[in-house]
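J.: One structure is given below, represented as structure tokens, and several questions about it will come after.
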Amino acid sequence: MKTLLAAAGAILLSISAASATPYTWTLSGGTDSGSGTLDTGAASGGGLEVTDLSGTVYFDGGVYAGSVSLIGGEPSFPGAIAEPEAVAYDNIVYPSAPAGLVDGNGILMGLAGGPYVIEITLRGSGNYEVPISSSAAAGPTLYTATGLTFTLTEVPEPSSVALLAAGLFALATLRRRR
């Protein structure tokens with residue numbers, strides 16, 4: 001009985017201790033697209049810092065396609081410069097902002113299998129731009145996808161686990177009263 005109560009308490013505690021908020025992201029417009037997941041951490045200037053990002057992209061008819069991952073992690077200040085790419089970024093998202101989920105500094109990611117960096121930046125209300133550059137220092141912009149939409153959807157918490165733990169706790173309490 002005590003073991004059951006301890007297990008239920010541990011489950012509830014582990015659920016409330018989670019601090020990262022996971023999201024799915026999509027990017028689309030014309031023939032360019034991308035999708036994946038990202039995790040956010042601490043609040044920063046009204047937004048949330050992106051701590052992890054993964055997914056796949058397809059740009060310029062497949063010239064720039066493949067897996068992507070976050071570059072830079074959590075910058076220490078907005079407008080940080082990623083070296084050697086020399087690209088301004090802040091890796092901050094604004095999930096509750098009606099006009100845009102990413103600001104002009106954007107989210108910076110690298111394309112696997114090639115020396116390319118990809119940045120998602122807001123260029124007007126809901127209008128995103130994705131410049132793709134060579135990762136060489138101050139590399140030229142090789143392709144720019146414009147007029148894209150970017151969406152974030154929060155991944156729901158596993159509420160069924162919390163419900164199960166609450167049910168086990170209730171059963172244990174009822175059994176103890178008998």
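FYI, nothing fancy with the structure tokens labels: chains A, B, ... in order, residues from 1 per chain, ligands from 1 as they appear.
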Contacts between stretch 30-34 of chain A and stretch 100-145 of chain A, please, where a residue of stretch 100-145 of chain A counts if it comes within 12 Å (with only C-alpha atoms); show its shortest atom pair and distance in Å to one decimal, rows by chain and ascending number, as a tab-separated table.

T.:
residue	atom	partner	partner_atom	distance
A:Met109	CA	A:Gly34	CA	11.9
A:Leu111	CA	A:Gly34	CA	11.6
A:Ile118	CA	A:Gly34	CA	11.3
A:Ile120	CA	A:Gly34	CA	10.8
A:Tyr128	CA	A:Asp32	CA	11.8
A:Glu129	CA	A:Asp32	CA	10.9
A:Val130	CA	A:Asp32	CA	9.7
A:Pro131	CA	A:Asp32	CA	11.9
A:Tyr143	CA	A:Asp32	CA	11.2
A:Thr144	CA	A:Asp32	CA	10.1
A:Ala145	CA	A:Asp32	CA	7.0

J.: So, with only C-alpha atoms as the atoms that count, which of A:Ala88, A:Leu108, A:Ala65, A:Leu164 lies closest to A:Val50?

T.: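 The closest residue to A:Val50 is A:Leu108.
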
J.: Under the rule that only C-alpha atoms are counted, which of A:Thr153, A:Thr146, A:Ser125, A:Pro115 is the nearest residue to A:Thr37?

T.: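 Going through A:Thr153, A:Thr146, A:Ser125, A:Pro115 one by one, the smallest distance to A:Thr37 is for A:Thr153.
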
J.: May I have the residues within 6 Å of A:Trp25 as a list of chain:residue names, using only C-alpha atoms and disregarding those fewer than 6 positions away in the same chain?

T.: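 Neighbouring residues, sequence-local ones excluded: A:Ser35, A:Gly36, A:Thr37, A:Thr151, A:Leu152.
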
J.: Please produce a file of the residues just selected, as a PDB file, in the first residue's frame, where the atoms kept are C-alpha atoms.

T.:
ATOM      1  CA  SER A  35       8.605  20.329 -40.244  1.00  0.00           C
ATOM      2  CA  GLY A  36       9.874  18.934 -36.987  1.00  0.00           C
ATOM      3  CA  THR A  37       9.954  19.433 -33.240  1.00  0.00           C
ATOM      4  CA  THR A 151       3.389  27.485 -37.245  1.00  0.00           C
ATOM      5  CA  LEU A 152       4.041  26.159 -33.759  1.00  0.00           C
TER       6      LEU A 152
END

J.: One decimal, Å: what's the distance from atom CA of A:Ser133 over to atom CA of A:Gly62, could you say?

T.: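 Atom CA of A:Gly62 lies 15.2 Å from atom CA of A:Ser133.
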
J.: Excluding same-chain residues fewer than 5 positions from A:Val68, what lies within 6 Å of it counting only C-alpha atoms, as number ranges by chain?

T.: A: 54-56, 110-112
